[in-house]
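Visitor: Dropping in data39.cif, which is mmCIF, C-alpha atoms:
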```
data_target
loop_
_atom_site.label_atom_id
_atom_site.label_comp_id
_atom_site.auth_asym_id
_atom_site.auth_seq_id
_atom_site.Cartn_x
_atom_site.Cartn_y
_atom_site.Cartn_z
CA MET A 1 52.99 -161.95 -67.78
CA SER A 2 52.58 -164.52 -64.98
CA HIS A 3 49.66 -164.39 -62.56
CA ALA A 4 51.99 -163.52 -59.66
CA SER A 5 53.70 -160.70 -61.55
CA ASN A 6 50.31 -159.43 -62.76
CA ASP A 7 49.10 -159.28 -59.15
CA ALA A 8 52.24 -157.37 -58.20
CA VAL A 9 51.69 -154.85 -60.98
CA ALA A 10 48.03 -154.44 -59.95
CA ALA A 11 48.93 -153.92 -56.29
CA SER A 12 51.62 -151.41 -57.20
CA ALA A 13 49.33 -149.47 -59.55
CA ILE A 14 46.50 -149.22 -57.02
CA ARG A 15 48.93 -148.21 -54.28
CA LYS A 16 50.35 -145.40 -56.42
CA VAL A 17 46.87 -144.13 -57.30
CA ALA A 18 45.89 -144.25 -53.63
CA MET A 19 49.00 -142.31 -52.59
CA ARG A 20 49.23 -139.85 -55.46
CA LEU A 21 45.63 -138.92 -56.27
CA VAL A 22 43.37 -139.81 -53.33
CA PRO A 23 44.96 -137.53 -50.68
CA PHE A 24 44.96 -134.59 -53.07
CA VAL A 25 41.34 -135.05 -54.19
CA ALA A 26 40.36 -135.68 -50.56
CA LEU A 27 41.98 -132.38 -49.58
CA MET A 28 39.94 -130.69 -52.31
CA PHE A 29 36.82 -132.32 -50.83
CA PHE A 30 37.86 -131.22 -47.32
CA ILE A 31 37.99 -127.59 -48.45
CA ASN A 32 34.77 -128.02 -50.42
CA TYR A 33 32.79 -129.33 -47.46
CA LEU A 34 34.29 -126.75 -45.08
CA ASP A 35 33.30 -123.87 -47.35
CA ARG A 36 29.72 -125.07 -47.79
CA THR A 37 29.22 -125.72 -44.05
CA ALA A 38 31.13 -122.69 -42.71
CA ILE A 39 27.77 -120.95 -42.33
CA SER A 40 26.88 -123.43 -39.55
CA PHE A 41 29.82 -122.20 -37.43
CA ALA A 42 29.11 -118.55 -38.17
CA ALA A 43 25.41 -118.77 -37.27
CA PRO A 44 25.55 -119.13 -33.46
CA ASN A 45 28.71 -116.98 -33.19
CA GLY A 46 27.47 -113.61 -34.34
CA MET A 47 26.15 -113.98 -37.88
CA ASN A 48 22.53 -114.73 -36.98
CA SER A 49 22.36 -111.83 -34.54
CA ASP A 50 24.24 -109.39 -36.80
CA LEU A 51 22.01 -110.19 -39.78
CA ALA A 52 18.85 -110.65 -37.62
CA LEU A 53 18.16 -114.18 -38.89
CA SER A 54 15.47 -116.48 -37.50
CA ALA A 55 15.99 -120.26 -37.49
CA ALA A 56 13.89 -120.55 -40.65
CA GLN A 57 15.88 -117.79 -42.40
CA PHE A 58 19.16 -119.46 -41.44
CA GLY A 59 17.80 -122.78 -42.69
CA PHE A 60 16.75 -121.18 -45.97
CA ALA A 61 20.18 -119.55 -46.37
CA SER A 62 21.84 -122.90 -45.69
CA GLY A 63 19.59 -124.74 -48.10
CA ILE A 64 19.41 -122.31 -51.02
CA PHE A 65 22.99 -123.32 -51.77
CA PHE A 66 21.63 -126.61 -53.05
CA LEU A 67 19.18 -124.97 -55.45
CA GLY A 68 22.07 -123.27 -57.20
CA TYR A 69 24.02 -126.52 -57.13
CA ILE A 70 21.14 -128.51 -58.60
CA LEU A 71 20.67 -126.18 -61.57
CA LEU A 72 24.11 -126.91 -62.99
CA GLU A 73 24.87 -130.32 -61.50
CA VAL A 74 24.26 -132.54 -64.53
CA PRO A 75 25.55 -130.03 -67.13
CA SER A 76 28.71 -129.52 -65.06
CA ASN A 77 29.42 -133.23 -64.83
CA MET A 78 28.82 -133.66 -68.56
CA ALA A 79 31.30 -130.83 -69.15
CA LEU A 80 33.81 -132.63 -66.95
CA HIS A 81 33.34 -135.76 -69.05
CA ARG A 82 33.91 -133.70 -72.20
CA PHE A 83 36.78 -131.41 -71.17
CA GLY A 84 38.54 -133.59 -68.60
CA ALA A 85 38.62 -133.62 -64.81
CA ARG A 86 41.86 -131.69 -64.39
CA LYS A 87 40.61 -128.52 -66.07
CA TRP A 88 37.04 -128.72 -64.83
CA LEU A 89 37.71 -129.49 -61.16
CA ALA A 90 40.34 -126.75 -61.06
CA ARG A 91 37.86 -124.28 -62.60
CA ILE A 92 35.20 -125.24 -60.08
CA MET A 93 37.52 -124.71 -57.10
CA VAL A 94 38.70 -121.26 -58.15
CA SER A 95 35.10 -120.19 -58.91
CA TRP A 96 33.71 -121.26 -55.54
CA GLY A 97 36.74 -119.83 -53.71
CA VAL A 98 36.06 -116.38 -55.16
CA VAL A 99 32.37 -116.56 -54.21
CA ALA A 100 33.19 -117.88 -50.73
CA LEU A 101 35.49 -114.91 -50.18
CA LEU A 102 32.58 -112.50 -50.70
CA PHE A 103 30.82 -113.86 -47.58
CA THR A 104 33.33 -111.80 -45.60
CA TRP A 105 31.37 -108.64 -46.44
CA VAL A 106 27.74 -109.87 -46.50
CA ASP A 107 25.48 -107.33 -44.75
CA SER A 108 21.88 -108.60 -45.02
CA ALA A 109 19.72 -111.70 -45.13
CA ASN A 110 19.02 -111.16 -48.84
CA GLY A 111 22.72 -110.73 -49.54
CA LEU A 112 23.37 -114.00 -47.69
CA TYR A 113 20.72 -115.78 -49.75
CA ALA A 114 22.25 -114.48 -53.00
CA LEU A 115 25.78 -115.54 -52.05
CA ARG A 116 24.69 -119.00 -50.89
CA PHE A 117 22.86 -119.52 -54.18
CA ALA A 118 25.92 -118.31 -56.12
CA LEU A 119 28.17 -120.62 -54.09
CA GLY A 120 26.00 -123.56 -55.11
CA VAL A 121 26.23 -122.55 -58.77
CA ALA A 122 30.02 -122.24 -58.49
CA GLU A 123 30.44 -125.60 -56.74
CA ALA A 124 28.07 -127.51 -59.03
CA GLY A 125 29.57 -130.75 -60.24
CA PHE A 126 32.54 -130.91 -57.87
CA PHE A 127 31.49 -133.86 -55.72
CA PRO A 128 30.10 -136.14 -58.47
CA GLY A 129 33.03 -135.05 -60.63
CA ALA A 130 35.48 -136.15 -57.96
CA ILE A 131 33.66 -139.49 -57.55
CA LEU A 132 33.67 -140.02 -61.32
CA PHE A 133 37.33 -138.99 -61.61
CA LEU A 134 38.45 -141.57 -59.03
CA SER A 135 36.19 -144.22 -60.59
CA LEU A 136 37.96 -143.69 -63.92
CA TRP A 137 41.28 -144.57 -62.29
CA VAL A 138 40.50 -147.80 -60.42
CA PRO A 139 38.68 -151.03 -61.38
CA SER A 140 35.44 -151.69 -59.53
CA ARG A 141 36.83 -154.31 -57.13
CA TYR A 142 39.19 -151.69 -55.64
CA ARG A 143 36.71 -148.83 -55.72
CA SER A 144 35.21 -149.25 -52.24
CA ARG A 145 38.65 -148.89 -50.65
CA ILE A 146 39.60 -145.87 -52.76
CA LEU A 147 36.29 -144.06 -52.22
CA ALA A 148 36.49 -144.76 -48.47
CA LEU A 149 39.88 -143.04 -48.31
CA PHE A 150 38.43 -140.13 -50.28
CA TYR A 151 35.31 -139.95 -48.11
CA LEU A 152 37.36 -139.73 -44.92
CA ALA A 153 37.77 -136.06 -45.78
CA GLN A 154 34.10 -135.33 -45.02
CA PRO A 155 33.94 -136.31 -41.32
CA LEU A 156 37.50 -135.07 -40.80
CA THR A 157 36.40 -131.69 -42.14
CA THR A 158 34.34 -131.23 -39.00
CA VAL A 159 36.93 -132.86 -36.70
CA ILE A 160 39.51 -130.34 -37.89
CA GLY A 161 37.22 -127.65 -39.28
CA ALA A 162 35.09 -127.01 -36.18
CA PRO A 163 38.06 -126.12 -33.91
CA LEU A 164 39.69 -124.26 -36.85
CA ALA A 165 36.52 -122.22 -37.40
CA ALA A 166 36.30 -121.51 -33.67
CA SER A 167 39.92 -120.30 -33.58
CA LEU A 168 39.31 -117.99 -36.56
CA ILE A 169 36.09 -116.65 -35.03
CA GLN A 170 37.99 -115.80 -31.84
CA HIS A 171 40.01 -113.23 -33.81
CA ASP A 172 37.17 -110.74 -33.50
CA GLY A 173 38.22 -107.31 -34.80
CA VAL A 174 41.89 -108.31 -35.01
CA PHE A 175 42.16 -108.34 -38.82
CA PHE A 176 40.90 -105.29 -40.73
CA GLY A 177 38.36 -104.76 -37.95
CA LEU A 178 36.35 -107.75 -39.17
CA ALA A 179 33.91 -109.51 -36.85
CA GLY A 180 35.16 -112.98 -35.95
CA TRP A 181 32.61 -114.82 -38.06
CA ARG A 182 33.51 -112.67 -41.06
CA PHE A 183 37.22 -113.40 -40.67
CA MET A 184 36.35 -117.10 -40.49
CA PHE A 185 34.72 -116.89 -43.94
CA PHE A 186 37.82 -115.11 -45.25
CA GLY A 187 40.12 -117.76 -43.77
CA VAL A 188 38.34 -120.77 -45.28
CA ALA A 189 37.89 -119.24 -48.76
CA ILE A 190 41.53 -118.57 -49.66
CA PRO A 191 42.59 -122.28 -49.65
CA ALA A 192 39.98 -123.10 -52.32
CA ILE A 193 41.50 -120.60 -54.76
CA VAL A 194 45.04 -121.82 -54.06
CA MET A 195 44.11 -125.51 -54.42
CA GLY A 196 42.23 -124.83 -57.65
CA ILE A 197 45.35 -123.34 -59.21
CA VAL A 198 47.50 -126.23 -57.96
CA ALA A 199 45.00 -128.82 -59.25
CA TRP A 200 45.39 -127.49 -62.80
CA PHE A 201 49.04 -128.58 -62.78
CA TYR A 202 48.82 -131.62 -60.47
CA LEU A 203 45.91 -133.75 -61.66
CA VAL A 204 46.07 -136.13 -64.62
CA ASP A 205 42.95 -137.14 -66.55
CA ARG A 206 43.73 -140.82 -67.22
CA PRO A 207 46.26 -143.53 -66.34
CA ALA A 208 47.85 -143.51 -69.81
CA ASP A 209 49.06 -139.94 -69.19
CA ALA A 210 50.46 -140.50 -65.68
CA ARG A 211 54.25 -140.12 -65.65
CA TRP A 212 54.39 -141.59 -62.15
CA LEU A 213 53.09 -145.00 -63.33
CA SER A 214 55.35 -147.58 -64.96
CA VAL A 215 54.60 -148.84 -68.46
CA GLU A 216 53.27 -152.12 -66.99
CA GLU A 217 51.06 -150.29 -64.48
CA LYS A 218 49.63 -148.02 -67.19
CA ARG A 219 48.92 -151.03 -69.39
CA TRP A 220 47.24 -152.99 -66.59
CA LEU A 221 45.01 -150.11 -65.48
CA THR A 222 44.05 -149.18 -69.04
CA GLU A 223 43.23 -152.78 -69.99
CA GLU A 224 41.25 -153.48 -66.80
CA LEU A 225 39.20 -150.32 -67.12
CA ALA A 226 38.58 -150.97 -70.83
CA ARG A 227 37.46 -154.53 -70.08
CA GLU A 228 34.99 -153.31 -67.45
CA SER A 229 33.72 -150.68 -69.87
CA ARG A 230 33.01 -153.36 -72.49
CA GLU A 231 31.24 -155.55 -69.93
CA LYS A 232 29.03 -152.69 -68.79
CA SER A 233 28.16 -151.71 -72.34
CA GLY A 234 27.29 -155.27 -73.38
CA GLY A 235 28.08 -154.13 -76.91
CA ASP A 236 25.22 -151.61 -76.90
CA HIS A 237 26.98 -148.27 -77.08
CA GLY A 238 23.71 -146.46 -77.55
CA ARG A 239 22.92 -147.04 -73.89
CA HIS A 240 25.86 -144.89 -72.85
CA GLY A 241 24.34 -141.46 -72.80
CA LEU A 242 21.92 -139.25 -70.96
CA LYS A 243 18.96 -141.47 -71.80
CA ILE A 244 20.02 -144.43 -69.67
CA ALA A 245 20.67 -142.20 -66.66
CA PHE A 246 17.30 -140.47 -66.78
CA THR A 247 15.17 -143.50 -67.69
CA ASN A 248 16.85 -146.19 -65.57
CA GLY A 249 14.76 -147.17 -62.54
CA ARG A 250 17.83 -148.26 -60.59
CA VAL A 251 19.34 -144.80 -60.96
CA TRP A 252 16.21 -143.15 -59.56
CA THR A 253 15.96 -145.66 -56.69
CA LEU A 254 19.59 -145.03 -55.79
CA ALA A 255 18.83 -141.31 -55.94
CA LEU A 256 16.04 -141.70 -53.36
CA ILE A 257 18.31 -143.81 -51.13
CA TYR A 258 20.93 -141.09 -51.31
CA PHE A 259 18.26 -138.45 -50.58
CA GLY A 260 17.58 -140.04 -47.19
CA PHE A 261 21.24 -140.11 -46.18
CA ILE A 262 21.90 -136.55 -47.31
CA TYR A 263 18.80 -135.30 -45.50
CA GLY A 264 20.34 -136.62 -42.28
CA LEU A 265 23.87 -135.48 -43.12
CA TYR A 266 23.00 -131.83 -43.62
CA ALA A 267 20.45 -131.63 -40.83
CA LEU A 268 23.35 -132.53 -38.54
CA ALA A 269 25.96 -130.45 -40.36
CA PHE A 270 24.02 -127.18 -40.34
CA PHE A 271 22.18 -127.44 -37.00
CA LEU A 272 24.51 -129.42 -34.69
CA PRO A 273 26.48 -126.29 -33.65
CA THR A 274 23.17 -124.55 -32.88
CA ILE A 275 21.88 -127.57 -30.94
CA ILE A 276 25.10 -127.63 -28.90
CA GLY A 277 24.73 -123.90 -28.34
CA GLY A 278 21.32 -124.68 -26.80
CA PHE A 279 22.77 -127.00 -24.15
CA GLU A 280 23.02 -124.06 -21.73
CA ALA A 281 19.26 -123.49 -21.76
CA GLN A 282 18.45 -127.21 -21.89
CA PHE A 283 20.89 -128.58 -19.31
CA GLY A 284 22.25 -125.48 -17.55
CA THR A 285 25.80 -126.07 -18.80
CA ARG A 286 28.13 -123.40 -20.15
CA PHE A 287 30.82 -123.85 -22.82
CA ASP A 288 33.15 -121.27 -24.32
CA LEU A 289 33.59 -120.87 -28.08
CA MET A 290 36.49 -123.31 -28.44
CA GLN A 291 34.75 -125.92 -26.26
CA LYS A 292 31.66 -125.70 -28.48
CA GLY A 293 33.87 -126.21 -31.52
CA LEU A 294 35.49 -129.27 -29.97
CA ILE A 295 32.10 -130.73 -28.92
CA THR A 296 30.82 -130.23 -32.49
CA ALA A 297 33.83 -132.23 -33.71
CA ILE A 298 33.31 -135.17 -31.30
CA PRO A 299 30.81 -137.22 -33.37
CA TYR A 300 32.92 -137.04 -36.50
CA LEU A 301 36.17 -138.64 -35.32
CA PRO A 302 34.50 -141.97 -34.47
CA ALA A 303 32.55 -141.56 -37.72
CA ALA A 304 35.81 -141.39 -39.67
CA ILE A 305 37.08 -144.56 -37.96
CA VAL A 306 33.83 -146.45 -38.54
CA LEU A 307 33.76 -145.27 -42.17
CA TYR A 308 37.22 -146.73 -42.76
CA LEU A 309 36.57 -150.05 -41.00
CA TRP A 310 33.11 -150.55 -42.54
CA SER A 311 34.41 -149.84 -46.02
CA ARG A 312 37.36 -152.15 -45.43
CA ASP A 313 34.91 -154.93 -44.63
CA ALA A 314 32.93 -154.05 -47.78
CA THR A 315 36.10 -154.28 -49.85
CA ARG A 316 36.90 -157.70 -48.37
CA ARG A 317 33.40 -159.18 -48.78
CA GLY A 318 32.22 -157.13 -51.75
CA VAL A 319 29.61 -154.42 -51.14
CA ARG A 320 26.38 -156.03 -49.91
CA SER A 321 22.98 -154.45 -49.42
CA TRP A 322 23.43 -154.51 -45.64
CA HIS A 323 26.58 -152.39 -45.92
CA VAL A 324 24.19 -149.56 -46.82
CA ALA A 325 20.87 -150.66 -45.28
CA LEU A 326 22.09 -151.48 -41.75
CA PRO A 327 23.63 -148.01 -41.19
CA ALA A 328 20.40 -146.47 -42.51
CA PHE A 329 18.27 -148.33 -39.97
CA THR A 330 20.71 -147.53 -37.15
CA GLY A 331 20.60 -143.83 -38.01
CA ALA A 332 16.81 -143.88 -38.26
CA ILE A 333 16.62 -145.02 -34.64
CA SER A 334 19.44 -142.93 -33.16
CA VAL A 335 18.40 -139.54 -34.61
CA PRO A 336 15.15 -139.12 -32.63
CA LEU A 337 16.59 -141.05 -29.64
CA ALA A 338 19.13 -138.24 -29.10
CA LEU A 339 16.27 -135.91 -28.17
CA TYR A 340 15.45 -137.91 -25.05
CA MET A 341 18.89 -137.96 -23.45
CA ASP A 342 19.30 -136.27 -20.07
CA SER A 343 22.79 -134.78 -20.40
CA PRO A 344 25.05 -133.17 -23.02
CA ALA A 345 27.37 -136.21 -22.95
CA ALA A 346 24.55 -138.68 -23.61
CA THR A 347 23.09 -136.48 -26.35
CA VAL A 348 26.44 -136.18 -28.14
CA ALA A 349 27.02 -139.94 -27.74
CA VAL A 350 23.79 -140.79 -29.55
CA ILE A 351 24.44 -138.14 -32.22
CA THR A 352 27.82 -139.84 -32.68
CA VAL A 353 26.02 -143.09 -33.52
CA THR A 354 24.01 -141.20 -36.15
CA ALA A 355 27.14 -139.68 -37.69
CA CYS A 356 28.83 -143.10 -37.75
CA SER A 357 25.79 -144.57 -39.50
CA ILE A 358 25.67 -141.94 -42.24
CA PHE A 359 29.37 -141.99 -43.01
CA ALA A 360 29.63 -145.79 -42.90
CA ALA A 361 27.07 -146.05 -45.70
CA LEU A 362 28.08 -143.28 -48.09
CA PRO A 363 31.37 -144.51 -49.65
CA ASN A 364 29.90 -147.99 -50.14
CA PHE A 365 26.80 -146.49 -51.69
CA TRP A 366 28.89 -144.65 -54.28
CA THR A 367 30.42 -147.88 -55.58
CA LEU A 368 27.01 -148.91 -56.95
CA PRO A 369 26.18 -146.48 -59.81
CA THR A 370 29.45 -147.02 -61.70
CA ARG A 371 28.95 -150.80 -61.60
CA PHE A 372 26.25 -150.59 -64.24
CA LEU A 373 26.87 -147.19 -65.86
CA ASP A 374 29.76 -146.15 -68.06
CA GLY A 375 31.04 -143.16 -70.02
CA ALA A 376 28.57 -140.32 -70.48
CA ALA A 377 25.86 -142.39 -68.75
CA ALA A 378 28.07 -142.67 -65.65
CA ALA A 379 28.71 -138.92 -65.67
CA ALA A 380 24.99 -138.17 -66.01
CA GLY A 381 23.87 -140.90 -63.61
CA VAL A 382 26.25 -139.94 -60.81
CA ALA A 383 25.31 -136.29 -61.27
CA LEU A 384 21.59 -137.11 -61.25
CA ILE A 385 21.88 -139.11 -58.03
CA ASN A 386 23.86 -136.33 -56.41
CA THR A 387 21.35 -133.75 -57.66
CA VAL A 388 18.48 -135.55 -55.95
CA GLY A 389 20.62 -135.82 -52.83
CA ASN A 390 21.25 -132.11 -52.90
CA MET A 391 17.51 -131.53 -53.00
CA ALA A 392 17.63 -133.16 -49.56
CA GLY A 393 20.34 -130.69 -48.62
CA PHE A 394 17.96 -127.83 -49.34
CA SER A 395 14.84 -129.40 -47.85
CA SER A 396 16.52 -130.65 -44.67
CA SER A 397 18.11 -127.26 -43.99
CA TYR A 398 14.96 -125.25 -44.59
CA LEU A 399 12.45 -127.68 -43.03
CA THR A 400 14.57 -128.24 -39.92
CA GLY A 401 14.65 -124.49 -39.26
CA ALA A 402 11.00 -123.93 -40.19
CA LEU A 403 9.76 -126.82 -38.04
CA HIS A 404 11.87 -125.57 -35.13
CA ASP A 405 10.31 -122.11 -35.42
CA LEU A 406 6.86 -123.69 -35.65
CA THR A 407 7.18 -126.13 -32.73
CA GLY A 408 9.82 -124.44 -30.58
CA SER A 409 12.06 -127.54 -30.48
CA TYR A 410 14.04 -129.94 -32.65
CA THR A 411 11.83 -132.96 -31.79
CA VAL A 412 9.68 -132.98 -34.93
CA PRO A 413 12.58 -132.07 -37.29
CA MET A 414 14.70 -134.96 -35.98
CA PHE A 415 11.84 -137.46 -36.32
CA VAL A 416 11.56 -136.36 -39.94
CA VAL A 417 15.29 -137.07 -40.37
CA GLY A 418 14.78 -140.54 -38.90
CA GLY A 419 11.90 -141.19 -41.27
CA PHE A 420 13.97 -140.40 -44.35
CA MET A 421 16.83 -142.62 -43.20
CA LEU A 422 14.33 -145.42 -42.62
CA MET A 423 13.18 -144.94 -46.22
CA SER A 424 16.78 -145.31 -47.43
CA GLY A 425 17.21 -148.61 -45.61
CA ILE A 426 13.96 -150.06 -46.94
CA LEU A 427 14.72 -149.03 -50.52
CA MET A 428 18.23 -150.47 -50.32
CA LEU A 429 16.86 -153.86 -49.30
CA ALA A 430 14.20 -153.64 -52.01
CA ILE A 431 16.57 -152.77 -54.84
CA SER A 432 18.98 -155.55 -53.88
CA ARG A 433 16.23 -158.07 -54.71
CA VAL A 434 15.48 -156.66 -58.17
CA PRO A 435 17.14 -158.67 -60.96
CA ARG A 436 19.27 -156.79 -63.46
CA PRO A 437 17.53 -156.96 -66.82
CA ASP A 438 20.77 -157.41 -68.76
CA SER A 439 22.20 -160.28 -66.73
CA GLY A 440 19.51 -161.90 -64.61
CA THR A 441 21.58 -161.31 -61.48
CA ARG A 442 20.56 -159.07 -58.66
CA MET A 443 21.30 -155.40 -58.39
CA PRO A 444 24.87 -154.60 -57.26
CA GLY A 445 24.82 -154.03 -53.51
CA GLY A 446 22.70 -157.10 -52.89
CA VAL A 447 25.07 -159.76 -54.11
CA HIS A 448 27.87 -159.51 -56.64
CA ALA A 449 26.72 -158.90 -60.16
CA HIS A 450 30.07 -159.82 -61.64
#
```
Just dump the structure as structure tokens.

Guide:
Amino acid sequence: MSHASNDAVAASAIRKVAMRLVPFVALMFFINYLDRTAISFAAPNGMNSDLALSAAQFGFASGIFFLGYILLEVPSNMALHRFGARKWLARIMVSWGVVALLFTWVDSANGLYALRFALGVAEAGFFPGAILFLSLWVPSRYRSRILALFYLAQPLTTVIGAPLAASLIQHDGVFFGLAGWRFMFFGVAIPAIVMGIVAWFYLVDRPADARWLSVEEKRWLTEELARESREKSGGDHGRHGLKIAFTNGRVWTLALIYFGFIYGLYALAFFLPTIIGGFEAQFGTRFDLMQKGLITAIPYLPAAIVLYLWSRDATRRGVRSWHVALPAFTGAISVPLALYMDSPAATVAVITVTACSIFAALPNFWTLPTRFLDGAAAAAGVALINTVGNMAGFSSSYLTGALHDLTGSYTVPMFVVGGFMLMSGILMLAISRVPRPDSGTRMPGGVHAH
């Protein structure tokens, strides 16, 4: 096959993967993120008052999800590697959809804690499984672009989800006499069950089994992925297991970098609607329910645009350390700066910078682990990194609420967020200067290791 025809086959294969798989998996992620953050929309719109929750109790309920998630994160991703993504991702979606549906009838703080924990257990492995699934379909040089398209679902969840949640909450007592926030939980749970069933029939585990790829496209993808697998293994197949993931210093450093970003992500996700709800007391402004939903969505639309453009640049240049470190430093500054703005518009503008920073970094970050891990080690390594990140999901949710109750404001909690994002930036610059022991080149994300 000539070089020109080979390039044409490669372009066609990647385009088909991008069109056939990425939108579907992104929609799964959209529903996933909406279900886990739905509590943030319910809180200021009746749930906290109906269940008599303090800020610390709400933070604990938000965060305990991640404890359940953490318990089964690595085992779930290893099961995905063993049984295949199609079956396992479909199973995860149906499981969490059933649990999410039960939030409709929660009647106490303890009941909320139990359901949030169960939701984490049910969802365990979905996100790293989705990352791993897409990584098994595209060679590394295309991965930044593919993961960016997938990651667009996360900011767009709030762009679309916040007004959607507000519209569902407005139907107070209309359906089965349910309070608006309860009907909102009902409305966002059903799609997870439906999509889980569809995923069982729609997804394909590997390129060789894809009927929608030509013979040439299947061959090219299979050979490229096999070649990368051999290069990563360096002929030492014993490295490809749990041991490399849990003993590799780069994996743990990446996990800490991810911790800082996720700490900021969920502090914003769970408390931004509450912060916006406090604008009336802070600035003397009044917004109705739908307006609050739209304001909550504002930071995330620019974030989606910046995510796409930043990742496009990373694809063109190759992911560099500054594609992750620069957003971390920008977020570290903007998070506490938002506290000193003198109007709702200025506050939301600075929060928008923070959201752009977090989402610009994340898809580029996730190209790094699968550059030096393969097979079972990749499954375990990606899950381990995500597990540490989800510890940030718990700690940021609980500590933000607890520190607010202790100090009476969000000043200290947001400075803590800034501190963790600063840590992520520093560690990203540090790891990019560490040579890879197997090649003598620097860690991926600093300069190319290929």

Visitor: Restricting the calculation to only C-alpha atoms: of A:Gln282, A:Val382, A:Arg82, A:Ser357, which residue gets closest to Phe126 (chain A)?

Guide: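 Checking each of A:Gln282, A:Val382, A:Arg82, A:Ser357 against Phe126 (chain A), counting only C-alpha atoms, the winner is A:Val382.
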
Visitor: Just so the selection is clear, what residues does the PyMOL selection byres ((chain A and resi 203) around 8) cover here, as a ChimeraX atom specification?

Guide: /A:21,85-86,199-202,204-205

Visitor: Compile the contact shell of Leu289 (chain A) as an MDAnalysis selection string: residues with an atom at most 12 Å away, counting all atoms listed in the file, same-chain residues fewer than 5 positions apart removed.

Guide: chainID A and resid 41:42 44:46 162:171 180:181 273 276:277 294:296

Visitor: The selected residues should be written to file as a short mmCIF file (atom, residue, chain, number, x, y, z; two decimals), in the frame of the given file (atoms: C-alpha atoms).

Guide:
```cif
data_model
loop_
_atom_site.label_atom_id
_atom_site.label_comp_id
_atom_site.auth_asym_id
_atom_site.auth_seq_id
_atom_site.Cartn_x
_atom_site.Cartn_y
_atom_site.Cartn_z
CA PHE A 41 29.82 -122.20 -37.43
CA ALA A 42 29.11 -118.55 -38.17
CA PRO A 44 25.55 -119.13 -33.46
CA ASN A 45 28.71 -116.98 -33.19
CA GLY A 46 27.47 -113.61 -34.34
CA ALA A 162 35.09 -127.01 -36.18
CA PRO A 163 38.06 -126.12 -33.91
CA LEU A 164 39.69 -124.26 -36.85
CA ALA A 165 36.52 -122.22 -37.40
CA ALA A 166 36.30 -121.51 -33.67
CA SER A 167 39.92 -120.30 -33.58
CA LEU A 168 39.31 -117.99 -36.56
CA ILE A 169 36.09 -116.65 -35.03
CA GLN A 170 37.99 -115.80 -31.84
CA HIS A 171 40.01 -113.23 -33.81
CA GLY A 180 35.16 -112.98 -35.95
CA TRP A 181 32.61 -114.82 -38.06
CA PRO A 273 26.48 -126.29 -33.65
CA ILE A 276 25.10 -127.63 -28.90
CA GLY A 277 24.73 -123.90 -28.34
CA LEU A 294 35.49 -129.27 -29.97
CA ILE A 295 32.10 -130.73 -28.92
CA THR A 296 30.82 -130.23 -32.49
#
```

Visitor: Please expand the PyMOL selection byres ((chain A and resi 335) around 10) into the concrete residues it hits in this file, giving the result as a list in words.

Guide: Gly264, Leu268, Thr330, Gly331, Ala332, Ile333, Ser334, Pro336, Leu337, Ala338, Leu339, Thr347, Val350, Ile351, Thr352, Val353, Thr354, Ala355, Thr411, Pro413, Met414, Phe415, Val416, Val417, Gly418, Gly419 and Met421 of chain A

Visitor: On this structure, the PyMOL selection byres ((chain A and resi 7-17) around 10) would catch which residues? List them as an NGL selection string, sorted by chain and number.

Guide: :A and (1-6 or 18-23 or 134 or 137-139 or 142-143 or 146 or 207 or 210 or 212-214 or 216-221 or 224)

Visitor: Show me, as a tab-separated table, the residues of region 7-110 of chain A having an atom within 12 Å of region 388-405 of chain A, each with the closest atom pair and its distance in Å, using all atoms listed in the file.

Guide:
```
residue	atom	partner	partner_atom	distance
A:Arg36	CA	A:Gly393	CA	11.0
A:Thr37	CA	A:Gly393	CA	11.2
A:Ile39	CA	A:Ser397	CA	11.7
A:Ser40	CA	A:Ser397	CA	10.5
A:Leu53	CA	A:Gly401	CA	10.9
A:Ser54	CA	A:Asp405	CA	7.9
A:Ala55	CA	A:Gly401	CA	4.8
A:Ala56	CA	A:Gly401	CA	4.2
A:Gln57	CA	A:Gly401	CA	7.5
A:Phe58	CA	A:Gly401	CA	7.1
A:Gly59	CA	A:Tyr398	CA	4.2
A:Phe60	CA	A:Tyr398	CA	4.7
A:Ala61	CA	A:Tyr398	CA	7.9
A:Ser62	CA	A:Ser397	CA	6.0
A:Gly63	CA	A:Phe394	CA	3.7
A:Ile64	CA	A:Phe394	CA	5.9
A:Phe65	CA	A:Phe394	CA	7.2
A:Phe66	CA	A:Phe394	CA	5.4
A:Leu67	CA	A:Phe394	CA	6.9
A:Gly68	CA	A:Asn390	CA	9.9
A:Tyr69	CA	A:Asn390	CA	7.5
A:Ile70	CA	A:Asn390	CA	6.7
A:Leu71	CA	A:Asn390	CA	10.5
A:Leu72	CA	A:Asn390	CA	11.7
A:Glu73	CA	A:Asn390	CA	9.5
A:Val74	CA	A:Val388	CA	10.8
```

Visitor: For CA of Asn48 (chain A) and CA of Ala269 (chain A), determine how far apart the two atoms are, in Å to one decimal place.

Guide: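 Distance between the two atoms: 16.4 Å.
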
Visitor: Between A:Ala52, A:Ile193, A:Ala43, A:Ile426, which has the minimum distance to Asn110 (chain A) (counting only C-alpha atoms)?

Guide: A:Ala52

Visitor: If you measure from CA of Ala430 (chain A) to CA of Leu362 (chain A), what distance in Å do you get, rounded to one decimal?

Guide: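 It comes out at 17.8 Å.
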
Visitor: Counting only C-alpha atoms, which of A:Leu384, A:Ala245, A:Ala379, A:Leu136 gets nearest to Ala226 (chain A)?

Guide: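 Nearest candidate to Ala226 (chain A) out of A:Leu384, A:Ala245, A:Ala379, A:Leu136: A:Leu136.
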